[in-house]
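Colleague: My questions will all concern the structure given below.
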Amino acid sequence: MSVDSISSSSTTTTTSSSTKSSSASLVDNYQSFLTLLLKQLEVQDPTDPVDASQYTTQLVQLASLEQQMSIGDKLDDLSTAVTSLGTSLGSGSNAIGYLGRTVEAEGSTTALQSGSASWEYDLDSTASKVTLTVTDSAGKTVHTETGDTSSGTHAVSWDGTADNGTTYSSGTYTLTVSAVDSSGTSVGTTTRIKGTVTGVDSSSGSATLSIGGVSVSADDVLAIS
């Protein structure tokens with residue numbers, strides 16, 4: 001009786017299946033290998049025992065299979081850790097990595113940081129006129145300009161200078177985008193903010209980022225740079 005085929009099967013399983021299924025197959029193969037090896041010793045003819053070199057080879061194959069099982073278990077643990085990190089990014093201590101990073105997030109209100117406030121807006125289709133209005137935290141209009149009318153994504157940056165000449169160095173500001181086509185029909189728009197993360201609060205279990213005083217849920221972050 002020979003158990004060589006078990007080792008061959010385990011190798012094929014390891015290279016052709018996913019990490020978890022490979023680990024399960026290795027365990028099954030290991031048990032089968034061990035059972036056959038013990039059975040072989042049990043039923044061998046005492047007057048004609050298994051050749052020592054063949055037995056040694058089988059023990060080496062068993063040890064190799066144990067090593068593959070160990071590697072499979074470690075890969076399972078690594079896969080679980082990576083998956084957990086991916087699903088928990090933005091929660092708990094993982095969110096600390098956002099500090100100091102520039103993020104793009106859903107929303108229209110951002111902070112004036114280092115002399116500018118930045119947004120992006122999307123137009124669902126081409127417009128004939130786009131008006132960009134910046135208001136302060138009290139809802140007062142401080143700046144108005146015309147925007148790009150082509151469909152797609154456009155960047156907006158305001159340097160803190162109001163239309164009346166007043167210069168602002170801090171505070172939070174909201175961008176409102178108004179777009180119409182040639183027939184006067186409103187064109188759909190969406191806005192996003194960009195800014196540097198200055199604080200992280202994960203006390204509630206899910207992280208909230210502070211962008212110069214503007215609170216943004218980590219779940220709303222679309223890009224990090």
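By order in the structure tokens, chains are A, B, ...; within a chain, residues start at 1; ligands start at 1, following the order shown.
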For Thr109 in chain A, please output as a PyMOL selection string all residues within 9 Å (counting only C-alpha atoms; exclusion window: fewer than 2 positions along the same chain).

Modeller: chain A and resi 107+111+119+137+172-175+192-193+214

Colleague: Could you take the residues named above and write them with N, CA, C and O atoms, as a PDB file, in the first residue's frame?

Modeller:
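Okay, result-v3.pdb is ready:
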ATOM      1  N   GLY A 107     -20.140  66.451  -0.151  1.00  0.00           N
ATOM      2  CA  GLY A 107     -20.539  67.622   0.621  1.00  0.00           C
ATOM      3  C   GLY A 107     -20.277  68.913  -0.119  1.00  0.00           C
ATOM      4  O   GLY A 107     -19.692  68.928  -1.220  1.00  0.00           O
ATOM      5  N   ALA A 111     -13.586  74.132   4.810  1.00  0.00           N
ATOM      6  CA  ALA A 111     -12.904  75.196   5.572  1.00  0.00           C
ATOM      7  C   ALA A 111     -11.885  75.909   4.703  1.00  0.00           C
ATOM      8  O   ALA A 111     -11.348  75.347   3.743  1.00  0.00           O
ATOM      9  N   TRP A 119     -13.240  72.937  -3.826  1.00  0.00           N
ATOM     10  CA  TRP A 119     -14.368  72.061  -4.110  1.00  0.00           C
ATOM     11  C   TRP A 119     -14.206  71.463  -5.512  1.00  0.00           C
ATOM     12  O   TRP A 119     -13.334  71.874  -6.285  1.00  0.00           O
ATOM     13  N   SER A 137     -20.549  80.867   7.089  1.00  0.00           N
ATOM     14  CA  SER A 137     -21.280  80.021   8.036  1.00  0.00           C
ATOM     15  C   SER A 137     -22.629  80.607   8.441  1.00  0.00           C
ATOM     16  O   SER A 137     -23.514  79.893   8.908  1.00  0.00           O
ATOM     17  N   THR A 172     -15.640  78.552   7.779  1.00  0.00           N
ATOM     18  CA  THR A 172     -16.189  77.517   6.911  1.00  0.00           C
ATOM     19  C   THR A 172     -17.092  78.155   5.869  1.00  0.00           C
ATOM     20  O   THR A 172     -17.809  79.131   6.155  1.00  0.00           O
ATOM     21  N   TYR A 173     -17.062  77.576   4.672  1.00  0.00           N
ATOM     22  CA  TYR A 173     -17.779  78.172   3.546  1.00  0.00           C
ATOM     23  C   TYR A 173     -18.449  77.084   2.712  1.00  0.00           C
ATOM     24  O   TYR A 173     -17.932  75.967   2.586  1.00  0.00           O
ATOM     25  N   THR A 174     -19.584  77.467   2.137  1.00  0.00           N
ATOM     26  CA  THR A 174     -20.391  76.527   1.369  1.00  0.00           C
ATOM     27  C   THR A 174     -20.486  76.969  -0.084  1.00  0.00           C
ATOM     28  O   THR A 174     -20.719  78.157  -0.366  1.00  0.00           O
ATOM     29  N   LEU A 175     -20.299  76.009  -0.979  1.00  0.00           N
ATOM     30  CA  LEU A 175     -20.416  76.281  -2.409  1.00  0.00           C
ATOM     31  C   LEU A 175     -21.776  75.811  -2.905  1.00  0.00           C
ATOM     32  O   LEU A 175     -22.176  74.663  -2.674  1.00  0.00           O
ATOM     33  N   ARG A 192     -18.455  68.271  -4.228  1.00  0.00           N
ATOM     34  CA  ARG A 192     -17.566  67.561  -3.314  1.00  0.00           C
ATOM     35  C   ARG A 192     -16.584  68.567  -2.714  1.00  0.00           C
ATOM     36  O   ARG A 192     -16.272  69.572  -3.360  1.00  0.00           O
ATOM     37  N   ILE A 193     -16.130  68.278  -1.542  1.00  0.00           N
ATOM     38  CA  ILE A 193     -15.160  69.164  -0.888  1.00  0.00           C
ATOM     39  C   ILE A 193     -13.784  68.518  -0.888  1.00  0.00           C
ATOM     40  O   ILE A 193     -13.659  67.285  -0.980  1.00  0.00           O
ATOM     41  N   VAL A 214     -14.706  71.463   9.908  1.00  0.00           N
ATOM     42  CA  VAL A 214     -15.861  70.879   9.224  1.00  0.00           C
ATOM     43  C   VAL A 214     -15.852  69.370   9.457  1.00  0.00           C
ATOM     44  O   VAL A 214     -14.866  68.695   9.151  1.00  0.00           O
TER      45      VAL A 214
END

Colleague: With a distance cut-off of 8 Å and only C-alpha atoms, select the neighbouring residues of range 148-154 of chain A, excluding the residue or stretch itself and same-chain residues fewer than 4 positions from it, and output the selection as a list of chain:residue names.

Modeller: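 Here the answer would be A:Glu120, A:Tyr121, A:Asp122, A:Leu123, A:Asp124, A:Ser125, A:Thr126, A:Ala127, A:Ser128, A:Lys129, A:Val130, A:Ala179.
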
Colleague: CA of Ile96 in chain A and CA of Asp219 in chain A, how far apart in Å?

Modeller: 14.2 Å

Colleague: Please, what distance in Å, to one decimal, runs between CA of Ile211 in chain A and CA of Gln113 in chain A?

Modeller: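 Spanning CA of Ile211 in chain A to CA of Gln113 in chain A is a straight-line distance of 8.7 Å.
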